[in-house]
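K.L.:
Dropping in structure12.cif, with mmCIF, C-alpha atoms, pLDDT in the B column; chains and numbers go by the auth columns.
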```cif
data_query
#
loop_
_atom_site.group_PDB
_atom_site.id
_atom_site.type_symbol
_atom_site.label_atom_id
_atom_site.label_comp_id
_atom_site.label_asym_id
_atom_site.label_seq_id
_atom_site.Cartn_x
_atom_site.Cartn_y
_atom_site.Cartn_z
_atom_site.B_iso_or_equiv
_atom_site.auth_seq_id
_atom_site.auth_asym_id
ATOM 1 C CA MET A 1 122.363 -27.295 24.619 40.00 1 A
ATOM 2 C CA ALA A 2 120.548 -29.874 26.747 47.00 2 A
ATOM 3 C CA VAL A 3 118.018 -28.694 29.334 43.00 3 A
ATOM 4 C CA THR A 4 120.179 -30.245 32.033 50.00 4 A
ATOM 5 C CA ASP A 5 123.424 -28.433 31.163 52.00 5 A
ATOM 6 C CA ARG A 6 122.815 -26.196 34.186 55.00 6 A
ATOM 7 C CA GLY A 7 121.719 -27.271 37.636 58.00 7 A
ATOM 8 C CA PRO A 8 118.015 -27.019 38.512 60.00 8 A
ATOM 9 C CA THR A 9 116.747 -23.834 40.150 62.00 9 A
ATOM 10 C CA GLY A 10 113.565 -22.541 41.778 68.00 10 A
ATOM 11 C CA LEU A 11 110.557 -24.816 42.034 66.00 11 A
ATOM 12 C CA LEU A 12 112.229 -27.570 40.007 62.00 12 A
ATOM 13 C CA ARG A 13 115.086 -27.703 42.521 61.00 13 A
ATOM 14 C CA ILE A 14 112.585 -28.023 45.385 62.00 14 A
ATOM 15 C CA VAL A 15 110.726 -30.837 43.608 67.00 15 A
ATOM 16 C CA LEU A 16 113.944 -32.715 42.800 67.00 16 A
ATOM 17 C CA ARG A 17 115.147 -32.437 46.415 71.00 17 A
ATOM 18 C CA ALA A 18 111.817 -33.627 47.894 70.00 18 A
ATOM 19 C CA PRO A 19 112.852 -37.328 47.982 82.00 19 A
ATOM 20 C CA ILE A 20 115.555 -36.441 50.525 84.00 20 A
ATOM 21 C CA TRP A 21 112.754 -36.026 53.093 80.00 21 A
ATOM 22 C CA LEU A 22 111.450 -39.480 52.213 85.00 22 A
ATOM 23 C CA TYR A 23 114.850 -40.958 53.072 87.00 23 A
ATOM 24 C CA ARG A 24 115.223 -38.841 56.204 84.00 24 A
ATOM 25 C CA ALA A 25 111.867 -40.198 57.398 84.00 25 A
ATOM 26 C CA GLY A 26 113.138 -43.769 56.887 86.00 26 A
ATOM 27 C CA LEU A 27 110.807 -44.369 53.936 84.00 27 A
ATOM 28 C CA GLY A 28 113.414 -44.707 51.184 85.00 28 A
ATOM 29 C CA ARG A 29 112.376 -48.313 50.573 87.00 29 A
ATOM 30 C CA LEU A 30 109.218 -46.895 48.942 86.00 30 A
ATOM 31 C CA ALA A 31 111.422 -45.655 46.085 84.00 31 A
ATOM 32 C CA GLY A 32 112.750 -49.162 45.524 86.00 32 A
ATOM 33 C CA HIS A 33 115.990 -49.302 43.582 92.00 33 A
ATOM 34 C CA ARG A 34 115.134 -46.458 41.189 90.00 34 A
ATOM 35 C CA LEU A 35 116.423 -43.721 43.498 92.00 35 A
ATOM 36 C CA LEU A 36 119.645 -43.529 45.492 95.00 36 A
ATOM 37 C CA TYR A 37 120.226 -41.277 48.501 95.00 37 A
ATOM 38 C CA LEU A 38 123.798 -40.034 48.754 97.00 38 A
ATOM 39 C CA ALA A 39 125.329 -38.209 51.717 97.00 39 A
ATOM 40 C CA HIS A 40 128.727 -36.639 51.081 97.00 40 A
ATOM 41 C CA ARG A 41 131.006 -33.855 52.347 96.00 41 A
ATOM 42 C CA GLY A 42 131.228 -30.425 50.746 95.00 42 A
ATOM 43 C CA ARG A 43 134.684 -30.092 49.237 94.00 43 A
ATOM 44 C CA ARG A 44 135.122 -26.528 50.529 94.00 44 A
ATOM 45 C CA THR A 45 133.076 -26.444 53.739 94.00 45 A
ATOM 46 C CA GLY A 46 133.344 -30.060 54.865 93.00 46 A
ATOM 47 C CA ALA A 47 129.630 -29.865 55.726 95.00 47 A
ATOM 48 C CA ARG A 48 127.363 -32.872 55.200 96.00 48 A
ATOM 49 C CA ARG A 49 125.441 -32.619 51.929 95.00 49 A
ATOM 50 C CA GLU A 50 122.627 -34.810 50.591 93.00 50 A
ATOM 51 C CA VAL A 51 121.241 -35.554 47.167 92.00 51 A
ATOM 52 C CA VAL A 52 118.892 -38.141 45.679 91.00 52 A
ATOM 53 C CA VAL A 53 119.692 -39.324 42.159 90.00 53 A
ATOM 54 C CA GLU A 54 118.151 -41.861 39.801 89.00 54 A
ATOM 55 C CA THR A 55 119.812 -45.252 39.680 93.00 55 A
ATOM 56 C CA VAL A 56 120.629 -46.344 36.140 93.00 56 A
ATOM 57 C CA ARG A 57 121.735 -49.837 37.178 96.00 57 A
ATOM 58 C CA PHE A 58 121.323 -51.868 40.343 96.00 58 A
ATOM 59 C CA ASP A 59 122.880 -55.315 40.642 95.00 59 A
ATOM 60 C CA PRO A 60 121.756 -56.956 43.904 94.00 60 A
ATOM 61 C CA ALA A 61 124.197 -59.856 43.416 94.00 61 A
ATOM 62 C CA VAL A 62 127.283 -57.647 43.880 93.00 62 A
ATOM 63 C CA PRO A 63 125.568 -55.422 45.307 95.00 63 A
ATOM 64 C CA GLU A 64 126.290 -52.355 43.205 97.00 64 A
ATOM 65 C CA ALA A 65 124.330 -49.236 42.265 98.00 65 A
ATOM 66 C CA VAL A 66 125.314 -46.985 39.357 98.00 66 A
ATOM 67 C CA VAL A 67 124.194 -43.379 38.978 96.00 67 A
ATOM 68 C CA VAL A 68 125.030 -40.630 36.494 92.00 68 A
ATOM 69 C CA ALA A 69 125.581 -36.938 37.078 88.00 69 A
ATOM 70 C CA ALA A 70 122.899 -35.645 34.710 71.00 70 A
ATOM 71 C CA TRP A 71 121.989 -32.174 36.046 62.00 71 A
ATOM 72 C CA GLY A 72 124.729 -29.699 35.314 58.00 72 A
ATOM 73 C CA LYS A 73 127.952 -30.581 33.564 68.00 73 A
ATOM 74 C CA ASN A 74 129.766 -31.181 36.868 79.00 74 A
ATOM 75 C CA PRO A 75 127.261 -31.161 39.748 87.00 75 A
ATOM 76 C CA ASP A 76 128.546 -30.311 43.215 90.00 76 A
ATOM 77 C CA TRP A 77 127.921 -33.814 44.544 93.00 77 A
ATOM 78 C CA TYR A 78 130.034 -35.294 41.757 94.00 78 A
ATOM 79 C CA ARG A 79 132.907 -32.880 42.402 94.00 79 A
ATOM 80 C CA ASN A 80 132.601 -33.540 46.135 96.00 80 A
ATOM 81 C CA LEU A 81 133.115 -37.285 45.535 96.00 81 A
ATOM 82 C CA HIS A 82 136.393 -36.480 43.804 94.00 82 A
ATOM 83 C CA ALA A 83 137.496 -34.590 46.918 95.00 83 A
ATOM 84 C CA SER A 84 136.380 -37.147 49.535 95.00 84 A
ATOM 85 C CA PRO A 85 134.487 -40.436 49.715 95.00 85 A
ATOM 86 C CA ALA A 86 130.737 -40.709 50.237 97.00 86 A
ATOM 87 C CA LEU A 87 129.470 -40.775 53.816 98.00 87 A
ATOM 88 C CA GLU A 88 126.417 -42.932 53.183 97.00 88 A
ATOM 89 C CA VAL A 89 124.301 -44.470 50.438 97.00 89 A
ATOM 90 C CA ARG A 90 120.735 -45.685 50.804 95.00 90 A
ATOM 91 C CA ILE A 91 118.930 -47.606 48.111 95.00 91 A
ATOM 92 C CA GLY A 92 115.690 -49.480 48.664 90.00 92 A
ATOM 93 C CA ALA A 93 115.909 -51.050 52.117 89.00 93 A
ATOM 94 C CA HIS A 94 119.737 -51.020 52.016 92.00 94 A
ATOM 95 C CA ARG A 95 121.947 -48.576 53.904 93.00 95 A
ATOM 96 C CA TRP A 96 125.677 -48.535 53.167 96.00 96 A
ATOM 97 C CA PRO A 97 127.680 -46.387 55.596 97.00 97 A
ATOM 98 C CA GLY A 98 131.022 -45.270 54.142 97.00 98 A
ATOM 99 C CA PRO A 99 130.437 -46.977 50.775 98.00 99 A
ATOM 100 C CA ASP A 100 133.150 -47.619 48.238 97.00 100 A
ATOM 101 C CA HIS A 101 132.766 -45.899 44.881 97.00 101 A
ATOM 102 C CA ARG A 102 134.465 -45.860 41.512 97.00 102 A
ATOM 103 C CA PHE A 103 134.170 -43.629 38.472 96.00 103 A
ATOM 104 C CA LEU A 104 133.219 -45.566 35.327 96.00 104 A
ATOM 105 C CA ASP A 105 135.166 -45.125 32.107 95.00 105 A
ATOM 106 C CA ALA A 106 133.465 -44.191 28.821 92.00 106 A
ATOM 107 C CA ASP A 107 133.091 -47.804 27.589 94.00 107 A
ATOM 108 C CA GLU A 108 131.420 -49.014 30.774 96.00 108 A
ATOM 109 C CA THR A 109 129.248 -45.882 30.875 93.00 109 A
ATOM 110 C CA LEU A 110 128.121 -46.566 27.312 92.00 110 A
ATOM 111 C CA GLY A 111 127.092 -50.111 28.267 93.00 111 A
ATOM 112 C CA VAL A 112 125.193 -48.868 31.320 94.00 112 A
ATOM 113 C CA LEU A 113 123.318 -46.208 29.328 92.00 113 A
ATOM 114 C CA LEU A 114 122.360 -48.612 26.537 91.00 114 A
ATOM 115 C CA ALA A 115 121.180 -51.192 29.102 94.00 115 A
ATOM 116 C CA TYR A 116 119.096 -48.506 30.836 92.00 116 A
ATOM 117 C CA ARG A 117 117.591 -47.552 27.473 92.00 117 A
ATOM 118 C CA ARG A 118 116.587 -51.192 26.857 92.00 118 A
ATOM 119 C CA ALA A 119 115.226 -51.691 30.383 92.00 119 A
ATOM 120 C CA HIS A 120 113.256 -48.429 30.509 91.00 120 A
ATOM 121 C CA PRO A 121 112.264 -47.528 26.916 91.00 121 A
ATOM 122 C CA HIS A 122 109.367 -45.239 27.855 91.00 122 A
ATOM 123 C CA ALA A 123 111.404 -43.264 30.400 87.00 123 A
ATOM 124 C CA TRP A 124 114.293 -43.083 27.925 87.00 124 A
ATOM 125 C CA LYS A 125 112.027 -41.634 25.236 87.00 125 A
ATOM 126 C CA ARG A 126 111.151 -38.742 27.555 86.00 126 A
ATOM 127 C CA LEU A 127 114.562 -38.280 29.204 83.00 127 A
ATOM 128 C CA ALA A 128 116.962 -38.682 26.273 85.00 128 A
ATOM 129 C CA PRO A 129 116.052 -35.395 24.543 83.00 129 A
ATOM 130 C CA LEU A 130 116.274 -33.483 27.861 79.00 130 A
ATOM 131 C CA LEU A 131 119.719 -34.927 28.559 80.00 131 A
ATOM 132 C CA GLY A 132 120.989 -34.454 25.005 81.00 132 A
ATOM 133 C CA PHE A 133 121.277 -38.230 24.444 85.00 133 A
ATOM 134 C CA PRO A 134 120.478 -40.027 21.177 87.00 134 A
ATOM 135 C CA THR A 135 117.272 -42.078 21.175 83.00 135 A
ATOM 136 C CA ASP A 136 118.513 -44.543 18.533 84.00 136 A
ATOM 137 C CA PRO A 137 121.081 -47.138 19.731 80.00 137 A
ATOM 138 C CA ALA A 138 122.680 -47.098 16.254 87.00 138 A
ATOM 139 C CA ASP A 139 123.352 -43.348 16.443 90.00 139 A
ATOM 140 C CA PRO A 140 127.098 -42.735 15.851 92.00 140 A
ATOM 141 C CA ARG A 141 127.139 -40.054 18.591 90.00 141 A
ATOM 142 C CA TRP A 142 126.879 -42.646 21.401 87.00 142 A
ATOM 143 C CA PRO A 143 130.628 -42.883 22.157 88.00 143 A
ATOM 144 C CA GLU A 144 130.803 -39.073 22.372 88.00 144 A
ATOM 145 C CA VAL A 145 127.816 -39.019 24.754 85.00 145 A
ATOM 146 C CA ALA A 146 129.302 -41.736 26.971 86.00 146 A
ATOM 147 C CA ALA A 147 132.612 -39.872 27.146 87.00 147 A
ATOM 148 C CA ARG A 148 130.961 -36.744 28.569 86.00 148 A
ATOM 149 C CA VAL A 149 128.652 -38.490 31.062 87.00 149 A
ATOM 150 C CA HIS A 150 129.907 -38.941 34.605 91.00 150 A
ATOM 151 C CA ALA A 151 128.876 -42.357 35.954 94.00 151 A
ATOM 152 C CA ILE A 152 129.673 -43.565 39.470 97.00 152 A
ATOM 153 C CA ALA A 153 129.218 -47.039 40.942 98.00 153 A
ATOM 154 C CA PHE A 154 128.641 -47.529 44.671 98.00 154 A
ATOM 155 C CA THR A 155 129.114 -50.736 46.665 97.00 155 A
ATOM 156 C CA PRO A 156 129.058 -51.437 50.400 97.00 156 A
ATOM 157 C CA HIS A 157 132.430 -50.800 52.024 94.00 157 A
ATOM 158 C CA ARG A 158 134.566 -53.905 52.010 86.00 158 A
ATOM 159 C CA THR A 159 137.491 -54.425 54.314 77.00 159 A
ATOM 160 C CA ASP A 160 140.365 -56.543 53.037 64.00 160 A
ATOM 161 C CA GLY A 161 141.415 -59.411 55.192 51.00 161 A
#
```
Represent the structure contained in this file as C-alpha coordinates.

P.N.:
Amino acid sequence: MAVTDRGPTGLLRIVLRAPIWLYRAGLGRLAGHRLLYLAHRGRRTGARREVVVETVRFDPAVPEAVVVAAWGKNPDWYRNLHASPALEVRIGAHRWPGPDHRFLDADETLGVLLAYRRAHPHAWKRLAPLLGFPTDPADPRWPEVAARVHAIAFTPHRTDG
(Lines of atoms letter the chains of each structure in order from A and count residues from 1; the text may use other names and numbers.)
(Lines give C-alpha, C1' and ligand atoms only; values in the text may rest on other atoms or scores of the structure.)
Protein backbone atom coordinates (compact mmCIF):
# COMPACT_ATOMS: atom_id res chain seq x y z
CA MET A 1 0.00 0.00 0.00
CA ALA A 2 1.37 3.42 -0.97
CA VAL A 3 1.79 6.07 1.72
CA THR A 4 -0.69 8.24 -0.15
CA ASP A 5 -3.55 5.71 -0.29
CA ARG A 6 -5.25 7.70 2.48
CA GLY A 7 -5.61 11.45 2.71
CA PRO A 8 -3.11 13.38 4.84
CA THR A 9 -3.95 14.04 8.49
CA GLY A 10 -2.59 16.05 11.41
CA LEU A 11 0.52 18.14 10.92
CA LEU A 12 1.08 16.85 7.39
CA ARG A 13 -2.38 18.09 6.38
CA ILE A 14 -1.59 21.54 7.81
CA VAL A 15 1.73 21.68 5.95
CA LEU A 16 0.16 20.59 2.66
CA ARG A 17 -2.62 23.19 2.99
CA ALA A 18 -0.20 26.05 3.81
CA PRO A 19 0.20 27.15 0.15
CA ILE A 20 -3.49 28.09 0.10
CA TRP A 21 -2.57 31.11 2.25
CA LEU A 22 0.10 32.08 -0.26
CA TYR A 23 -2.55 32.21 -2.99
CA ARG A 24 -5.06 33.99 -0.77
CA ALA A 25 -2.43 36.68 -0.13
CA GLY A 26 -1.98 37.13 -3.90
CA LEU A 27 1.51 35.60 -3.85
CA GLY A 28 0.80 32.46 -5.88
CA ARG A 29 3.18 33.63 -8.61
CA LEU A 30 6.02 32.77 -6.19
CA ALA A 31 5.15 29.09 -6.69
CA GLY A 32 5.55 29.46 -10.44
CA HIS A 33 3.89 26.73 -12.45
CA ARG A 34 4.72 23.90 -10.04
CA LEU A 35 1.64 24.43 -7.87
CA LEU A 36 -1.98 24.98 -8.87
CA TYR A 37 -4.65 26.54 -6.65
CA LEU A 38 -8.10 25.08 -7.23
CA ALA A 39 -11.37 26.44 -5.85
CA HIS A 40 -14.37 24.14 -6.22
CA ARG A 41 -17.78 23.42 -4.68
CA GLY A 42 -18.40 20.69 -2.12
CA ARG A 43 -20.61 18.08 -3.75
CA ARG A 44 -22.81 17.72 -0.65
CA THR A 45 -22.69 21.16 0.98
CA GLY A 46 -22.18 23.38 -2.06
CA ALA A 47 -19.64 25.32 0.03
CA ARG A 48 -16.51 26.76 -1.58
CA ARG A 49 -13.50 24.50 -1.05
CA GLU A 50 -9.83 25.12 -1.84
CA VAL A 51 -6.83 22.92 -2.45
CA VAL A 52 -3.33 23.40 -3.84
CA VAL A 53 -1.91 20.53 -5.88
CA GLU A 54 1.33 19.96 -7.76
CA THR A 55 1.22 20.55 -11.49
CA VAL A 56 2.60 17.62 -13.47
CA ARG A 57 2.43 19.44 -16.81
CA PHE A 58 1.97 23.06 -17.79
CA ASP A 59 1.77 24.07 -21.44
CA PRO A 60 1.71 27.88 -21.72
CA ALA A 61 0.97 27.70 -25.46
CA VAL A 62 -2.52 26.23 -24.94
CA PRO A 63 -2.57 27.22 -21.95
CA GLU A 64 -3.23 24.02 -20.04
CA ALA A 65 -2.28 22.72 -16.59
CA VAL A 66 -2.49 19.03 -15.66
CA VAL A 67 -2.66 17.75 -12.09
CA VAL A 68 -3.12 14.30 -10.57
CA ALA A 69 -5.13 13.24 -7.55
CA ALA A 70 -2.28 11.63 -5.60
CA TRP A 71 -3.38 11.81 -1.93
CA GLY A 72 -6.12 9.32 -1.24
CA LYS A 73 -7.60 7.03 -3.85
CA ASN A 74 -10.42 9.49 -4.62
CA PRO A 75 -9.75 12.82 -2.88
CA ASP A 76 -12.72 15.06 -2.13
CA TRP A 77 -11.62 17.72 -4.60
CA TYR A 78 -11.51 15.15 -7.39
CA ARG A 79 -14.98 13.82 -6.56
CA ASN A 80 -16.26 17.40 -6.30
CA LEU A 81 -15.10 18.10 -9.88
CA HIS A 82 -17.22 15.18 -11.06
CA ALA A 83 -20.24 16.79 -9.38
CA SER A 84 -19.68 20.38 -10.58
CA PRO A 85 -17.08 22.41 -12.48
CA ALA A 86 -14.19 24.24 -10.84
CA LEU A 87 -14.83 27.79 -9.64
CA GLU A 88 -11.30 29.08 -10.16
CA VAL A 89 -7.76 28.01 -10.98
CA ARG A 90 -4.62 30.00 -10.27
CA ILE A 91 -1.22 29.00 -11.56
CA GLY A 92 1.80 31.28 -11.53
CA ALA A 93 0.54 34.77 -12.36
CA HIS A 94 -2.53 33.37 -14.17
CA ARG A 95 -6.06 33.33 -12.77
CA TRP A 96 -8.75 31.41 -14.64
CA PRO A 97 -12.26 32.02 -13.29
CA GLY A 98 -14.68 29.21 -14.18
CA PRO A 99 -12.02 27.14 -15.99
CA ASP A 100 -12.81 24.26 -18.30
CA HIS A 101 -11.51 20.85 -17.25
CA ARG A 102 -11.32 17.35 -18.64
CA PHE A 103 -10.43 14.00 -17.13
CA LEU A 104 -7.50 12.33 -18.92
CA ASP A 105 -7.72 8.72 -20.06
CA ALA A 106 -5.12 6.12 -19.05
CA ASP A 107 -2.98 6.52 -22.21
CA GLU A 108 -2.70 10.29 -21.87
CA THR A 109 -2.08 9.96 -18.13
CA LEU A 110 0.75 7.52 -18.83
CA GLY A 111 2.37 10.02 -21.22
CA VAL A 112 2.04 12.84 -18.69
CA LEU A 113 3.57 10.77 -15.88
CA LEU A 114 6.50 9.58 -18.00
CA ALA A 115 7.15 13.16 -19.19
CA TYR A 116 7.09 14.37 -15.57
CA ARG A 117 9.56 11.62 -14.65
CA ARG A 118 11.93 12.79 -17.42
CA ALA A 119 11.55 16.48 -16.56
CA HIS A 120 11.95 16.05 -12.80
CA PRO A 121 14.14 12.96 -12.21
CA HIS A 122 15.25 13.90 -8.69
CA ALA A 123 11.71 14.67 -7.49
CA TRP A 124 10.47 11.48 -9.16
CA LYS A 125 13.07 9.39 -7.33
CA ARG A 126 11.69 10.62 -4.00
CA LEU A 127 7.98 10.71 -4.92
CA ALA A 128 7.56 7.51 -6.94
CA PRO A 129 7.97 5.10 -3.99
CA LEU A 130 5.56 7.18 -1.85
CA LEU A 131 2.94 7.14 -4.59
CA GLY A 132 3.42 3.46 -5.44
CA PHE A 133 4.76 4.29 -8.93
CA PRO A 134 7.57 2.41 -10.70
CA THR A 135 10.88 4.26 -10.94
CA ASP A 136 11.98 2.47 -14.14
CA PRO A 137 10.23 3.60 -17.37
CA ALA A 138 10.55 0.03 -18.73
CA ASP A 139 8.62 -1.43 -15.79
CA PRO A 140 5.65 -3.45 -17.15
CA ARG A 141 3.39 -2.09 -14.35
CA TRP A 142 3.18 1.39 -15.95
CA PRO A 143 -0.13 0.85 -17.79
CA GLU A 144 -1.70 -0.44 -14.56
CA VAL A 145 -0.42 2.61 -12.66
CA ALA A 146 -1.72 5.03 -15.30
CA ALA A 147 -5.14 3.36 -15.23
CA ARG A 148 -5.55 3.99 -11.49
CA VAL A 149 -4.25 7.58 -11.44
CA HIS A 150 -6.78 10.37 -11.78
CA ALA A 151 -5.39 13.16 -13.98
CA ILE A 152 -7.27 16.37 -14.76
CA ALA A 153 -6.39 19.09 -17.27
CA PHE A 154 -7.50 22.69 -16.73
CA THR A 155 -7.71 25.44 -19.35
CA PRO A 156 -9.18 28.94 -19.25
CA HIS A 157 -12.90 28.95 -20.00
CA ARG A 158 -13.55 29.37 -23.69
CA THR A 159 -16.83 30.55 -25.10
CA ASP A 160 -17.82 29.25 -28.53
CA GLY A 161 -18.69 31.82 -31.10

K.L.:
Carefully work through the PyMOL selection byres ((chain A and resi 110-119) around 8) for this structure and note down the residues it includes, as a VMD selection string.

P.N.:
chain A and resid 56 to 57 106 to 109 120 to 121 124 137 142 to 143 145 to 146

K.L.:
I'd like the residues picked by the PyMOL selection byres ((chain A and resi 84-91) around 6) written out as a ChimeraX atom specification, using the chain letters and numbers from the file.

P.N.:
/A:33,36-40,81-83,92,94-98

K.L.:
Would you mind telling me which residue in A:Val67, A:Val53, A:Leu35, A:Ala61 lies nearest to A:Val149 when using all atoms listed in the file?

P.N.:
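Comparing A:Val67, A:Val53, A:Leu35, A:Ala61 against A:Val149, the winner is A:Val67.
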
K.L.:
Please, what distance in Å, to one decimal, runs between atom CA of A:Arg158 and atom CA of A:Asp100?

P.N.:
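About the pair atom CA of A:Arg158 and atom CA of A:Asp100: they are 7.5 Å apart.
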
K.L.:
If you apply the PyMOL selection byres ((chain A and resi 133) around 10) to this file, what residues do you get, as a PyMOL selection string?

P.N.:
chain A and resi 2+113+124-125+127-132+134-136+139+141-142+144-146+149

K.L.:
Can you spit out the residues from that selection as an mmCIF file, in the frame of the given file, using C-alpha atoms?

P.N.:
```
data_model
loop_
_atom_site.group_PDB
_atom_site.id
_atom_site.type_symbol
_atom_site.label_atom_id
_atom_site.label_comp_id
_atom_site.auth_asym_id
_atom_site.auth_seq_id
_atom_site.Cartn_x
_atom_site.Cartn_y
_atom_site.Cartn_z
ATOM 1 C CA ALA A 2 120.548 -29.874 26.747
ATOM 2 C CA LEU A 113 123.318 -46.208 29.328
ATOM 3 C CA TRP A 124 114.293 -43.083 27.925
ATOM 4 C CA LYS A 125 112.027 -41.634 25.236
ATOM 5 C CA LEU A 127 114.562 -38.280 29.204
ATOM 6 C CA ALA A 128 116.962 -38.682 26.273
ATOM 7 C CA PRO A 129 116.052 -35.395 24.543
ATOM 8 C CA LEU A 130 116.274 -33.483 27.861
ATOM 9 C CA LEU A 131 119.719 -34.927 28.559
ATOM 10 C CA GLY A 132 120.989 -34.454 25.005
ATOM 11 C CA PRO A 134 120.478 -40.027 21.177
ATOM 12 C CA THR A 135 117.272 -42.078 21.175
ATOM 13 C CA ASP A 136 118.513 -44.543 18.533
ATOM 14 C CA ASP A 139 123.352 -43.348 16.443
ATOM 15 C CA ARG A 141 127.139 -40.054 18.591
ATOM 16 C CA TRP A 142 126.879 -42.646 21.401
ATOM 17 C CA GLU A 144 130.803 -39.073 22.372
ATOM 18 C CA VAL A 145 127.816 -39.019 24.754
ATOM 19 C CA ALA A 146 129.302 -41.736 26.971
ATOM 20 C CA VAL A 149 128.652 -38.490 31.062
#
```

K.L.:
Atom CA of A:Val62 to atom CA of A:Gly28: how many Å, to one decimal?

P.N.:
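Taking atom CA of A:Val62 and atom CA of A:Gly28, their separation equals 20.3 Å.
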
K.L.:
Quick one, how far is atom CA of A:Arg43 from atom CA of A:Asp76?

P.N.:
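One can read the atom CA of A:Arg43 to atom CA of A:Asp76 distance as 8.6 Å.
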
K.L.:
Would you fill out stretch 136-149 of chain A with N, CA and C atoms and return it as a PDB file, in the coordinates of the input?

P.N.:
```
ATOM      1  N   ASP A 136     118.239 -43.352  19.340  1.00 84.00           N
ATOM      2  CA  ASP A 136     118.513 -44.543  18.533  1.00 84.00           C
ATOM      3  C   ASP A 136     119.840 -45.182  18.965  1.00 84.00           C
ATOM      4  N   PRO A 137     119.831 -46.497  19.314  1.00 80.00           N
ATOM      5  CA  PRO A 137     121.081 -47.138  19.731  1.00 80.00           C
ATOM      6  C   PRO A 137     122.135 -47.218  18.628  1.00 80.00           C
ATOM      7  N   ALA A 138     121.732 -47.045  17.366  1.00 87.00           N
ATOM      8  CA  ALA A 138     122.680 -47.098  16.254  1.00 87.00           C
ATOM      9  C   ALA A 138     123.286 -45.718  15.956  1.00 87.00           C
ATOM     10  N   ASP A 139     122.860 -44.706  16.667  1.00 90.00           N
ATOM     11  CA  ASP A 139     123.352 -43.348  16.443  1.00 90.00           C
ATOM     12  C   ASP A 139     124.868 -43.304  16.667  1.00 90.00           C
ATOM     13  N   PRO A 140     125.632 -42.764  15.720  1.00 92.00           N
ATOM     14  CA  PRO A 140     127.098 -42.735  15.851  1.00 92.00           C
ATOM     15  C   PRO A 140     127.604 -41.787  16.948  1.00 92.00           C
ATOM     16  N   ARG A 141     126.719 -40.980  17.533  1.00 90.00           N
ATOM     17  CA  ARG A 141     127.139 -40.054  18.591  1.00 90.00           C
ATOM     18  C   ARG A 141     127.263 -40.725  19.957  1.00 90.00           C
ATOM     19  N   TRP A 142     126.867 -41.981  20.089  1.00 87.00           N
ATOM     20  CA  TRP A 142     126.879 -42.646  21.401  1.00 87.00           C
ATOM     21  C   TRP A 142     128.229 -42.611  22.111  1.00 87.00           C
ATOM     22  N   PRO A 143     129.337 -42.942  21.450  1.00 88.00           N
ATOM     23  CA  PRO A 143     130.628 -42.883  22.157  1.00 88.00           C
ATOM     24  C   PRO A 143     130.942 -41.482  22.698  1.00 88.00           C
ATOM     25  N   GLU A 144     130.591 -40.453  21.936  1.00 88.00           N
ATOM     26  CA  GLU A 144     130.803 -39.073  22.372  1.00 88.00           C
ATOM     27  C   GLU A 144     129.955 -38.765  23.617  1.00 88.00           C
ATOM     28  N   VAL A 145     128.712 -39.225  23.609  1.00 85.00           N
ATOM     29  CA  VAL A 145     127.816 -39.019  24.754  1.00 85.00           C
ATOM     30  C   VAL A 145     128.376 -39.722  25.988  1.00 85.00           C
ATOM     31  N   ALA A 146     128.777 -40.964  25.838  1.00 86.00           N
ATOM     32  CA  ALA A 146     129.302 -41.736  26.971  1.00 86.00           C
ATOM     33  C   ALA A 146     130.569 -41.117  27.533  1.00 86.00           C
ATOM     34  N   ALA A 147     131.360 -40.488  26.683  1.00 87.00           N
ATOM     35  CA  ALA A 147     132.612 -39.872  27.146  1.00 87.00           C
ATOM     36  C   ALA A 147     132.368 -38.631  27.994  1.00 87.00           C
ATOM     37  N   ARG A 148     131.218 -37.967  27.801  1.00 86.00           N
ATOM     38  CA  ARG A 148     130.961 -36.744  28.569  1.00 86.00           C
ATOM     39  C   ARG A 148     130.055 -36.971  29.779  1.00 86.00           C
ATOM     40  N   VAL A 149     129.522 -38.181  29.926  1.00 87.00           N
ATOM     41  CA  VAL A 149     128.652 -38.490  31.062  1.00 87.00           C
ATOM     42  C   VAL A 149     129.503 -38.995  32.223  1.00 87.00           C
TER      43      VAL A 149
END
```
